[in-house]
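Enquirer: Hey, dropping query-v6.pdb in here, PDB, C-alpha atoms and all ligand atoms:
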```
MODEL        1
ATOM      1  CA  MET L 268     169.425  18.112  42.852  1.00  0.00           C
ATOM      2  CA  PRO L 269     169.103  20.049  46.111  1.00  0.00           C
ATOM      3  CA  ASP L 270     169.685  23.207  44.045  1.00  0.00           C
ATOM      4  CA  VAL L 271     166.686  22.431  41.863  1.00  0.00           C
ATOM      5  CA  ARG L 272     164.548  21.821  44.939  1.00  0.00           C
ATOM      6  CA  ARG L 273     165.700  25.051  46.501  1.00  0.00           C
ATOM      7  CA  ALA L 274     164.970  26.960  43.303  1.00  0.00           C
ATOM      8  CA  LEU L 275     161.513  25.392  43.177  1.00  0.00           C
ATOM      9  CA  ALA L 276     160.841  26.287  46.809  1.00  0.00           C
ATOM     10  CA  ALA L 277     161.936  29.857  46.102  1.00  0.00           C
ATOM     11  CA  LEU L 278     159.558  30.026  43.120  1.00  0.00           C
ATOM     12  CA  LEU L 279     156.644  28.720  45.177  1.00  0.00           C
ATOM     13  CA  TRP L 280     157.426  31.220  47.890  1.00  0.00           C
ATOM     14  CA  LEU L 281     157.485  34.043  45.319  1.00  0.00           C
ATOM     15  CA  ALA L 282     154.151  32.910  43.876  1.00  0.00           C
ATOM     16  CA  ALA L 283     152.556  32.833  47.326  1.00  0.00           C
ATOM     17  CA  ALA L 284     154.079  36.180  48.271  1.00  0.00           C
ATOM     18  CA  SER L 285     152.848  37.861  45.108  1.00  0.00           C
ATOM     19  CA  ALA L 286     149.357  36.374  45.521  1.00  0.00           C
ATOM     20  CA  ALA L 287     149.321  37.768  49.062  1.00  0.00           C
ATOM     21  CA  ALA L 288     150.539  41.135  47.840  1.00  0.00           C
ATOM     22  CA  GLU L 289     147.712  41.305  45.317  1.00  0.00           C
ATOM     23  CA  ARG L 290     144.972  40.850  47.887  1.00  0.00           C
ATOM     24  CA  PRO L 291     143.480  44.278  48.483  1.00  0.00           C
ATOM     25  CA  ILE L 292     143.697  46.154  51.780  1.00  0.00           C
ATOM     26  CA  LEU L 293     140.017  46.767  52.587  1.00  0.00           C
ATOM     27  CA  TYR L 294     140.074  46.635  56.386  1.00  0.00           C
ATOM     28  CA  PRO L 295     142.604  47.834  58.997  1.00  0.00           C
ATOM     29  CA  ALA L 296     143.108  44.172  59.984  1.00  0.00           C
ATOM     30  CA  ASP L 297     144.452  43.455  56.484  1.00  0.00           C
ATOM     31  CA  LEU L 298     147.587  45.361  57.527  1.00  0.00           C
ATOM     32  CA  GLY L 299     148.186  43.075  60.526  1.00  0.00           C
ATOM     33  CA  ALA L 300     150.529  40.109  60.873  1.00  0.00           C
ATOM     34  CA  THR L 301     149.414  37.037  58.942  1.00  0.00           C
ATOM     35  CA  CYS L 302     150.262  34.496  61.631  1.00  0.00           C
ATOM     36  CA  VAL L 303     150.181  34.138  65.397  1.00  0.00           C
ATOM     37  CA  ASP L 304     151.987  31.843  67.833  1.00  0.00           C
ATOM     38  CA  VAL L 305     149.645  28.948  68.553  1.00  0.00           C
ATOM     39  CA  SER L 306     152.311  26.631  70.002  1.00  0.00           C
ATOM     40  CA  GLY L 307     150.686  26.748  73.461  1.00  0.00           C
ATOM     41  CA  TYR L 308     147.142  26.047  72.180  1.00  0.00           C
ATOM     42  CA  PRO L 309     145.402  22.657  72.519  1.00  0.00           C
ATOM     43  CA  ALA L 310     146.250  20.296  69.607  1.00  0.00           C
ATOM     44  CA  GLU L 311     142.706  20.379  68.200  1.00  0.00           C
ATOM     45  CA  LEU L 312     142.830  24.176  67.897  1.00  0.00           C
ATOM     46  CA  ARG L 313     146.355  24.173  66.445  1.00  0.00           C
ATOM     47  CA  ALA L 314     145.061  21.796  63.769  1.00  0.00           C
ATOM     48  CA  ALA L 315     142.125  24.104  62.950  1.00  0.00           C
ATOM     49  CA  TYR L 316     144.569  27.014  62.649  1.00  0.00           C
ATOM     50  CA  GLU L 317     147.040  25.169  60.447  1.00  0.00           C
ATOM     51  CA  ASP L 318     144.626  23.144  58.298  1.00  0.00           C
ATOM     52  CA  ILE L 319     141.861  25.715  57.797  1.00  0.00           C
ATOM     53  CA  VAL L 320     142.489  29.260  59.077  1.00  0.00           C
ATOM     54  CA  VAL L 321     145.846  30.011  57.452  1.00  0.00           C
ATOM     55  CA  THR L 322     145.121  27.949  54.341  1.00  0.00           C
ATOM     56  CA  LYS L 323     141.460  27.601  53.292  1.00  0.00           C
ATOM     57  CA  CYS L 324     140.231  30.764  55.025  1.00  0.00           C
ATOM     58  CA  ALA L 325     143.114  32.678  53.443  1.00  0.00           C
ATOM     59  CA  ILE L 326     141.946  32.344  49.858  1.00  0.00           C
ATOM     60  CA  CYS L 327     139.856  35.548  49.722  1.00  0.00           C
ATOM     61  CA  HIS L 328     141.783  37.548  52.342  1.00  0.00           C
ATOM     62  CA  THR L 329     145.038  36.970  54.232  1.00  0.00           C
ATOM     63  CA  PRO L 330     144.803  35.414  57.714  1.00  0.00           C
ATOM     64  CA  ALA L 331     145.448  38.927  59.067  1.00  0.00           C
ATOM     65  CA  ARG L 332     141.813  39.917  58.441  1.00  0.00           C
ATOM     66  CA  VAL L 333     140.795  37.056  60.720  1.00  0.00           C
ATOM     67  CA  LEU L 334     143.558  37.298  63.333  1.00  0.00           C
ATOM     68  CA  TYR L 335     143.518  41.089  63.703  1.00  0.00           C
ATOM     69  CA  SER L 336     139.761  41.672  63.446  1.00  0.00           C
ATOM     70  CA  PRO L 337     138.348  43.654  66.366  1.00  0.00           C
ATOM     71  CA  LEU L 338     135.961  40.815  67.205  1.00  0.00           C
ATOM     72  CA  LEU L 339     135.856  39.186  70.625  1.00  0.00           C
ATOM     73  CA  GLU L 340     133.151  36.608  71.286  1.00  0.00           C
ATOM     74  CA  LEU L 341     132.106  36.074  74.905  1.00  0.00           C
ATOM     75  CA  PRO L 342     128.871  34.663  76.394  1.00  0.00           C
ATOM     76  CA  PRO L 343     126.323  37.490  77.035  1.00  0.00           C
ATOM     77  CA  ASP L 344     126.977  37.965  80.778  1.00  0.00           C
ATOM     78  CA  GLU L 345     130.767  37.759  80.326  1.00  0.00           C
ATOM     79  CA  ALA L 346     130.574  40.228  77.435  1.00  0.00           C
ATOM     80  CA  ALA L 347     128.581  42.682  79.572  1.00  0.00           C
ATOM     81  CA  ALA L 348     130.992  42.289  82.506  1.00  0.00           C
ATOM     82  CA  PHE L 349     134.008  42.720  80.220  1.00  0.00           C
ATOM     83  CA  THR L 350     132.558  45.894  78.702  1.00  0.00           C
ATOM     84  CA  ARG L 351     131.802  47.292  82.177  1.00  0.00           C
ATOM     85  CA  ALA L 352     135.322  46.472  83.395  1.00  0.00           C
ATOM     86  CA  HIS L 353     137.040  47.979  80.336  1.00  0.00           C
ATOM     87  CA  PRO L 354     135.067  51.059  79.276  1.00  0.00           C
ATOM     88  CA  ALA L 355     138.019  52.733  77.532  1.00  0.00           C
ATOM     89  CA  GLU L 356     139.134  49.659  75.580  1.00  0.00           C
ATOM     90  CA  THR L 357     135.590  48.834  74.432  1.00  0.00           C
ATOM     91  CA  ALA L 358     134.410  52.390  73.699  1.00  0.00           C
ATOM     92  CA  ASP L 359     135.241  52.188  69.989  1.00  0.00           C
ATOM     93  CA  PRO L 360     134.024  48.992  68.258  1.00  0.00           C
ATOM     94  CA  ARG L 361     136.492  49.671  65.467  1.00  0.00           C
ATOM     95  CA  VAL L 362     139.218  48.918  68.027  1.00  0.00           C
ATOM     96  CA  LEU L 363     137.578  46.063  69.949  1.00  0.00           C
ATOM     97  CA  ALA L 364     134.051  44.770  69.338  1.00  0.00           C
ATOM     98  CA  VAL L 365     132.832  42.513  72.150  1.00  0.00           C
ATOM     99  CA  ARG L 366     129.736  40.620  71.083  1.00  0.00           C
ATOM    100  CA  PRO L 367     128.142  37.378  72.224  1.00  0.00           C
ATOM    101  CA  LYS L 368     127.858  36.086  68.645  1.00  0.00           C
ATOM    102  CA  ALA L 369     130.773  37.860  66.985  1.00  0.00           C
ATOM    103  CA  PHE L 370     132.171  34.846  65.136  1.00  0.00           C
ATOM    104  CA  VAL L 371     129.108  32.604  64.999  1.00  0.00           C
ATOM    105  CA  GLY L 372     127.233  35.027  62.773  1.00  0.00           C
ATOM    106  CA  TYR L 373     130.059  35.455  60.288  1.00  0.00           C
ATOM    107  CA  LEU L 374     130.882  31.744  60.142  1.00  0.00           C
ATOM    108  CA  LYS L 375     127.245  30.796  59.604  1.00  0.00           C
ATOM    109  CA  GLN L 376     127.241  33.003  56.524  1.00  0.00           C
ATOM    110  CA  MET L 377     130.470  31.350  55.352  1.00  0.00           C
ATOM    111  CA  TRP L 378     129.059  27.875  55.819  1.00  0.00           C
ATOM    112  CA  GLN L 379     125.811  28.642  54.000  1.00  0.00           C
ATOM    113  CA  ARG L 380     127.566  30.424  51.136  1.00  0.00           C
ATOM    114  CA  PRO L 381     127.070  28.600  47.845  1.00  0.00           C
ATOM    115  CA  PRO L 382     130.197  27.853  45.780  1.00  0.00           C
ATOM    116  CA  CYS L 383     130.825  30.880  43.561  1.00  0.00           C
ATOM    117  CA  CYS L 384     133.894  30.012  41.494  1.00  0.00           C
ATOM    118  CA  SER L 385     136.525  27.306  41.166  1.00  0.00           C
ATOM    119  CA  LEU L 386     138.822  29.133  43.622  1.00  0.00           C
ATOM    120  CA  CYS L 387     136.558  30.078  46.533  1.00  0.00           C
ATOM    121  CA  PRO L 388     136.485  27.260  49.077  1.00  0.00           C
ATOM    122  CA  VAL L 389     133.322  25.831  50.616  1.00  0.00           C
ATOM    123  CA  PHE L 390     133.389  24.689  54.242  1.00  0.00           C
ATOM    124  CA  SER L 391     131.898  21.607  55.880  1.00  0.00           C
ATOM    125  CA  LYS L 392     129.928  22.017  59.093  1.00  0.00           C
ATOM    126  CA  ALA L 393     132.776  20.271  60.965  1.00  0.00           C
ATOM    127  CA  GLU L 394     135.341  22.711  59.562  1.00  0.00           C
ATOM    128  CA  ILE L 395     133.220  25.716  60.503  1.00  0.00           C
ATOM    129  CA  SER L 396     132.752  24.362  64.004  1.00  0.00           C
ATOM    130  CA  ALA L 397     136.531  23.755  64.374  1.00  0.00           C
ATOM    131  CA  VAL L 398     137.316  27.278  63.140  1.00  0.00           C
ATOM    132  CA  TRP L 399     134.704  28.757  65.491  1.00  0.00           C
ATOM    133  CA  LYS L 400     136.315  27.020  68.495  1.00  0.00           C
ATOM    134  CA  PHE L 401     139.721  28.307  67.382  1.00  0.00           C
ATOM    135  CA  LEU L 402     138.537  31.902  66.902  1.00  0.00           C
ATOM    136  CA  VAL L 403     136.757  32.091  70.270  1.00  0.00           C
ATOM    137  CA  TYR L 404     139.775  30.626  72.111  1.00  0.00           C
ATOM    138  CA  ASP L 405     142.372  32.657  70.224  1.00  0.00           C
ATOM    139  CA  ALA L 406     140.509  35.958  70.711  1.00  0.00           C
ATOM    140  CA  LYS L 407     140.206  35.277  74.431  1.00  0.00           C
ATOM    141  CA  VAL L 408     143.945  34.543  74.661  1.00  0.00           C
ATOM    142  CA  ARG L 409     145.179  37.506  72.603  1.00  0.00           C
ATOM    143  CA  LYS L 410     142.497  40.149  73.211  1.00  0.00           C
ATOM    144  CA  THR L 411     141.773  39.871  76.958  1.00  0.00           C
ATOM    145  CA  GLY L 412     143.611  39.653  80.284  1.00  0.00           C
ATOM    146  CA  ASP L 413     147.210  40.792  80.320  1.00  0.00           C
ATOM    147  CA  ARG L 414     147.288  40.901  76.492  1.00  0.00           C
ATOM    148  CA  LEU L 415     144.315  43.279  76.182  1.00  0.00           C
ATOM    149  CA  ALA L 416     146.442  46.446  76.270  1.00  0.00           C
ATOM    150  CA  GLU L 417     148.841  45.078  73.638  1.00  0.00           C
ATOM    151  CA  PHE L 418     145.960  44.153  71.312  1.00  0.00           C
ATOM    152  CA  VAL L 419     144.300  47.561  71.699  1.00  0.00           C
ATOM    153  CA  THR L 420     147.608  49.275  70.879  1.00  0.00           C
ATOM    154  CA  VAL L 421     148.073  47.144  67.765  1.00  0.00           C
ATOM    155  CA  ARG L 422     144.461  47.745  66.596  1.00  0.00           C
ATOM    156  CA  LYS L 423     144.831  51.514  67.045  1.00  0.00           C
ATOM    157  CA  ALA L 424     148.077  51.480  65.063  1.00  0.00           C
ATOM    158  CA  LEU L 425     146.454  49.418  62.275  1.00  0.00           C
ATOM    159  CA  ILE L 426     143.484  51.810  62.103  1.00  0.00           C
ATOM    160  CA  GLN L 427     145.821  54.806  61.958  1.00  0.00           C
ATOM    161  CA  ARG L 428     147.894  53.277  59.150  1.00  0.00           C
ATOM    162  CA  PHE L 429     144.725  52.255  57.291  1.00  0.00           C
ATOM    163  CA  ASP L 430     143.206  55.756  57.543  1.00  0.00           C
ATOM    164  CA  ARG L 431     146.469  57.327  56.331  1.00  0.00           C
ATOM    165  CA  LEU L 432     146.571  54.892  53.414  1.00  0.00           C
ATOM    166  CA  GLU L 433     143.001  55.790  52.469  1.00  0.00           C
ATOM    167  CA  GLU L 434     143.774  59.516  52.632  1.00  0.00           C
ATOM    168  CA  THR L 435     146.799  59.038  50.396  1.00  0.00           C
ATOM    169  CA  GLU L 436     144.756  57.018  47.925  1.00  0.00           C
ATOM    170  CA  GLU L 437     142.024  59.649  47.880  1.00  0.00           C
ATOM    171  CA  ARG L 438     144.607  62.350  47.225  1.00  0.00           C
ATOM    172  CA  HIS L 439     146.034  60.314  44.341  1.00  0.00           C
ATOM    173  CA  ALA L 440     142.566  59.650  42.973  1.00  0.00           C
ATOM    174  CA  ASN L 441     141.772  63.384  43.078  1.00  0.00           C
ATOM    175  CA  ALA L 442     145.090  64.254  41.450  1.00  0.00           C
ATOM    176  CA  ASP L 443     144.370  61.713  38.691  1.00  0.00           C
ATOM    177  CA  ASP L 444     140.823  62.930  38.114  1.00  0.00           C
ATOM    178  CA  GLY L 445     141.690  65.102  35.142  1.00  0.00           C
ATOM    179  CA  HIS L 446     143.394  62.244  33.307  1.00  0.00           C
ATOM    180  CA  ALA L 447     140.775  59.728  34.347  1.00  0.00           C
ATOM    181  CA  ALA L 448     137.960  61.909  33.027  1.00  0.00           C
ATOM    182  CA  ALA L 449     139.736  62.245  29.678  1.00  0.00           C
ATOM    183  CA  GLY L 450     140.392  58.489  29.649  1.00  0.00           C
ATOM    184  CA  ARG L 451     136.782  57.658  30.390  1.00  0.00           C
ATOM    185  CA  GLY L 452     135.693  59.905  27.523  1.00  0.00           C
ATOM    186  CA  ASP L 453     138.065  58.167  25.111  1.00  0.00           C
ATOM    187  CA  ARG L 454     136.963  54.685  26.090  1.00  0.00           C
ATOM    188  CA  GLY L 455     133.290  55.545  26.353  1.00  0.00           C
ATOM    189  CA  GLY L 456     131.591  55.053  23.018  1.00  0.00           C
ATOM    190  CA  GLY L 457     133.190  51.682  22.004  1.00  0.00           C
ATOM    191  CA  ASP L 458     130.563  48.996  21.769  1.00  0.00           C
TER     192      ASP L 458
HETATM  193  C1  LIG E   1     134.666  33.786  49.675  1.00  0.00           C
HETATM  194  C2  LIG E   1     135.685  34.644  50.209  1.00  0.00           C
HETATM  195  C3  LIG E   1     135.994  34.479  51.700  1.00  0.00           C
HETATM  196  C4  LIG E   1     136.400  33.347  52.355  1.00  0.00           C
HETATM  197  C5  LIG E   1     136.655  31.967  51.776  1.00  0.00           C
HETATM  198  C6  LIG E   1     136.552  33.713  53.744  1.00  0.00           C
HETATM  199  N1  LIG E   1     136.260  35.036  53.918  1.00  0.00           N
HETATM  200 FE1  LIG E   1     136.352  36.062  55.668  1.00  0.00          FE
HETATM  201  N2  LIG E   1     135.762  37.741  54.721  1.00  0.00           N
HETATM  202  C7  LIG E   1     135.432  37.848  53.375  1.00  0.00           C
HETATM  203  C8  LIG E   1     134.962  39.198  53.099  1.00  0.00           C
HETATM  204  C9  LIG E   1     134.497  39.708  51.741  1.00  0.00           C
HETATM  205  C10 LIG E   1     135.018  39.915  54.324  1.00  0.00           C
HETATM  206  C11 LIG E   1     134.618  41.359  54.605  1.00  0.00           C
HETATM  207  C12 LIG E   1     133.136  41.537  54.560  1.00  0.00           C
HETATM  208  C13 LIG E   1     132.405  40.738  55.572  1.00  0.00           C
HETATM  209  O1  LIG E   1     132.637  40.953  56.786  1.00  0.00           O
HETATM  210  O2  LIG E   1     131.603  39.863  55.159  1.00  0.00           O
HETATM  211  C14 LIG E   1     135.532  38.968  55.319  1.00  0.00           C
HETATM  212  C15 LIG E   1     135.742  39.294  56.644  1.00  0.00           C
HETATM  213  C16 LIG E   1     136.166  38.403  57.616  1.00  0.00           C
HETATM  214  C17 LIG E   1     136.337  38.715  59.019  1.00  0.00           C
HETATM  215  C18 LIG E   1     136.286  40.089  59.635  1.00  0.00           C
HETATM  216  C19 LIG E   1     134.981  40.498  60.127  1.00  0.00           C
HETATM  217  C20 LIG E   1     135.097  41.849  60.777  1.00  0.00           C
HETATM  218  O3  LIG E   1     134.025  42.425  61.026  1.00  0.00           O
HETATM  219  O4  LIG E   1     136.195  42.344  61.046  1.00  0.00           O
HETATM  220  C21 LIG E   1     136.672  37.558  59.657  1.00  0.00           C
HETATM  221  C22 LIG E   1     136.935  37.378  61.148  1.00  0.00           C
HETATM  222  C23 LIG E   1     136.725  36.532  58.648  1.00  0.00           C
HETATM  223  N3  LIG E   1     136.425  37.070  57.418  1.00  0.00           N
HETATM  224  C24 LIG E   1     137.025  35.218  58.924  1.00  0.00           C
HETATM  225  C25 LIG E   1     137.054  34.217  57.973  1.00  0.00           C
HETATM  226  C26 LIG E   1     137.289  32.835  58.298  1.00  0.00           C
HETATM  227  C27 LIG E   1     137.557  32.298  59.673  1.00  0.00           C
HETATM  228  C28 LIG E   1     137.246  32.150  57.117  1.00  0.00           C
HETATM  229  C29 LIG E   1     137.353  30.671  56.934  1.00  0.00           C
HETATM  230  C30 LIG E   1     136.294  29.895  57.557  1.00  0.00           C
HETATM  231  C31 LIG E   1     136.975  33.116  56.060  1.00  0.00           C
HETATM  232  N4  LIG E   1     136.856  34.352  56.626  1.00  0.00           N
HETATM  233  C32 LIG E   1     136.893  32.807  54.740  1.00  0.00           C
HETATM  234  C33 LIG E   1     135.556  36.852  52.437  1.00  0.00           C
HETATM  235  C34 LIG E   1     135.908  35.543  52.684  1.00  0.00           C
ENDMDL
END
```
Once you've parsed the file, please lay out its structure as structure tokens.
Expert:
Amino acid sequence: MPDVRRALAALLWLAAASAAAERPILYPADLGATCVDVSGYPAELRAAYEDIVVTKCAICHTPARVLYSPLLELPPDEAAAFTRAHPAETADPRVLAVRPKAFVGYLKQMWQRPPCCSLCPVFSKAEISAVWKFLVYDAKVRKTGDRLAEFVTVRKALIQRFDRLEETEERHANADDGHAAAGRGDRGGGD
């Protein structure tokens, strides 16, 4: 019996892993780690992470797009002070984007989004508010203070890998152009 359970667990893991592998890499953050250590966070925020961020929010993109986004939300005066104190780290918004409403704006869109298919989740106002609290707290923990330098290094590495990936894909696309053009011609006139 335990063997059957283990086999089943392995199958589920494979299904999840292949679903994750199929999600396209559209942003540098998509190449980041898909989980972070939240063991020291307040219980309410750990619950938002476990029950919403790494599950419901991870249906369209992996949690990496959320966890490794450049966004850092601080109140306006704190954001201005942070930017003044860290000119090098905040010079490129692709690396670190400090904005007073960084997450609020995105989450408002998510909350107002109508259901589009049977897979895409919809979010209650309470869920959005819980996720917002998590994102603001988590970004402050991992993207400021003595972890700022580490985050900037990781973001730069992700951007570099992403740009290289894009270049490689462009090269492949150009190399395939001849075949693709012939293929398009063949398929063209159908219906
Ligand atoms: C319906 C599909 C879908 C769901 C569900 C979804 N997202 Fe996204 N998310 C996207 C798309 C598409 C983008 C990239 C375009 C954009 O920024 O709107 C994105 C981008 C992001 C970004 C990156 C923004 C940036 O500028 O780097 C964050 C952060 C994010 N999502 C967080 C979340 C959170 C948190 C949830 C759960 C509340 C969530 N997403 C659920 C589709 C989704």
Enquirer: With only C-alpha atoms as the counted atoms, please give the residues lying no more than 10 Å from segment 290-294 of chain L, apart from itself and same-chain residues fewer than 6 positions off, as a PyMOL selection string.
Expert: chain L and resi 326-329+331-332+335-336+425-426+429-430+432-433
Enquirer: Using all atoms listed in the file, list the residues that have an atom at most 12 Å from (135.3, 52.4, 66.9), coordinates as in the file, as a PyMOL selection string.
Expert: chain L and resi 295+337-338+355-365+419+422-423+426-427
Enquirer: Could you jot down the atom C19 of ligand LIG 1 (chain E) to atom CA of Gly299 of chain L separation for me, Å, one decimal place?
Expert: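 Taking atom C19 of ligand LIG 1 (chain E) and atom CA of Gly299 of chain L, their separation equals 13.5 Å.
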Enquirer: Report the distance between atom CA of Lys410 of chain L and atom CA of Glu340 of chain L in Å, rounded to one decimal place.
Expert: 10.2 Å
Enquirer: Name all residues at most 12 Å from segment 305-310 of chain L (count only C-alpha atoms; drop same-chain ones fewer than 5 positions away) and give them as a PyMOL selection string.
Expert: chain L and resi 315-318+320-321+334+397+400-402+404-409
Enquirer: Select, from L:Ile319, L:Ala416, L:Val403, L:Ala347, the residue with the minimum atom-to-atom distance to ligand LIG 1 (chain E), counting all atoms listed in the file.
Expert: L:Ile319
Enquirer: Taking all atoms listed in the file into account, which of L:Val333, L:Cys302, L:Leu339, L:Ala296 comes nearest ligand LIG 1 (chain E)?
Expert: L:Val333
Enquirer: Report the distance between atom CA of Arg414 of chain L and atom CA of Glu394 of chain L in Å, rounded to one decimal place.
Expert: 27.6 Å
Enquirer: Output as a tab-separated table (two decimals), keeping the file's coordinate frame: segment 375-398 of chain L, completed with N, CA and C atoms.
Expert:
```
chain	number	residue	atom	x	y	z
L	375	LYS	N	128.47	31.38	60.12
L	375	LYS	CA	127.24	30.80	59.60
L	375	LYS	C	127.05	31.22	58.14
L	376	GLN	N	127.32	32.50	57.91
L	376	GLN	CA	127.24	33.00	56.52
L	376	GLN	C	128.21	32.24	55.62
L	377	MET	N	129.43	32.03	56.13
L	377	MET	CA	130.47	31.35	55.35
L	377	MET	C	130.05	29.93	55.00
L	378	TRP	N	129.42	29.27	56.00
L	378	TRP	CA	129.06	27.88	55.82
L	378	TRP	C	127.90	27.74	54.82
L	379	GLN	N	126.98	28.73	54.86
L	379	GLN	CA	125.81	28.64	54.00
L	379	GLN	C	126.08	29.19	52.60
L	380	ARG	N	127.25	29.78	52.41
L	380	ARG	CA	127.57	30.42	51.14
L	380	ARG	C	127.67	29.37	50.03
L	381	PRO	N	126.94	29.57	48.93
L	381	PRO	CA	127.07	28.60	47.84
L	381	PRO	C	128.42	28.76	47.15
L	382	PRO	N	128.93	27.70	46.50
L	382	PRO	CA	130.20	27.85	45.78
L	382	PRO	C	130.04	28.92	44.69
L	383	CYS	N	131.02	29.82	44.55
L	383	CYS	CA	130.82	30.88	43.56
L	383	CYS	C	131.78	30.75	42.39
L	384	CYS	N	132.96	30.14	42.61
L	384	CYS	CA	133.89	30.01	41.49
L	384	CYS	C	134.78	28.81	41.80
L	385	SER	N	135.72	28.49	40.93
L	385	SER	CA	136.52	27.31	41.17
L	385	SER	C	137.60	27.56	42.22
L	386	LEU	N	137.79	28.82	42.64
L	386	LEU	CA	138.82	29.13	43.62
L	386	LEU	C	138.28	29.24	45.04
L	387	CYS	N	137.12	29.87	45.20
L	387	CYS	CA	136.56	30.08	46.53
L	387	CYS	C	136.27	28.74	47.19
L	388	PRO	N	136.74	28.54	48.41
L	388	PRO	CA	136.49	27.26	49.08
L	388	PRO	C	135.07	27.20	49.65
L	389	VAL	N	134.54	26.00	49.81
L	389	VAL	CA	133.32	25.83	50.62
L	389	VAL	C	133.76	25.08	51.88
L	390	PHE	N	132.98	25.25	52.95
L	390	PHE	CA	133.39	24.69	54.24
L	390	PHE	C	132.35	23.69	54.73
L	391	SER	N	132.82	22.56	55.27
L	391	SER	CA	131.90	21.61	55.88
L	391	SER	C	131.48	22.14	57.25
L	392	LYS	N	130.39	21.58	57.78
L	392	LYS	CA	129.93	22.02	59.09
L	392	LYS	C	131.01	21.75	60.14
L	393	ALA	N	131.72	20.62	60.00
L	393	ALA	CA	132.78	20.27	60.96
L	393	ALA	C	133.91	21.29	60.91
L	394	GLU	N	134.26	21.72	59.69
L	394	GLU	CA	135.34	22.71	59.56
L	394	GLU	C	134.94	24.03	60.20
L	395	ILE	N	133.70	24.45	59.94
L	395	ILE	CA	133.22	25.72	60.50
L	395	ILE	C	133.22	25.65	62.03
L	396	SER	N	132.80	24.50	62.56
L	396	SER	CA	132.75	24.36	64.00
L	396	SER	C	134.17	24.39	64.59
L	397	ALA	N	135.14	23.75	63.90
L	397	ALA	CA	136.53	23.76	64.37
L	397	ALA	C	137.10	25.18	64.34
L	398	VAL	N	136.80	25.91	63.26
L	398	VAL	CA	137.32	27.28	63.14
L	398	VAL	C	136.68	28.16	64.21
```
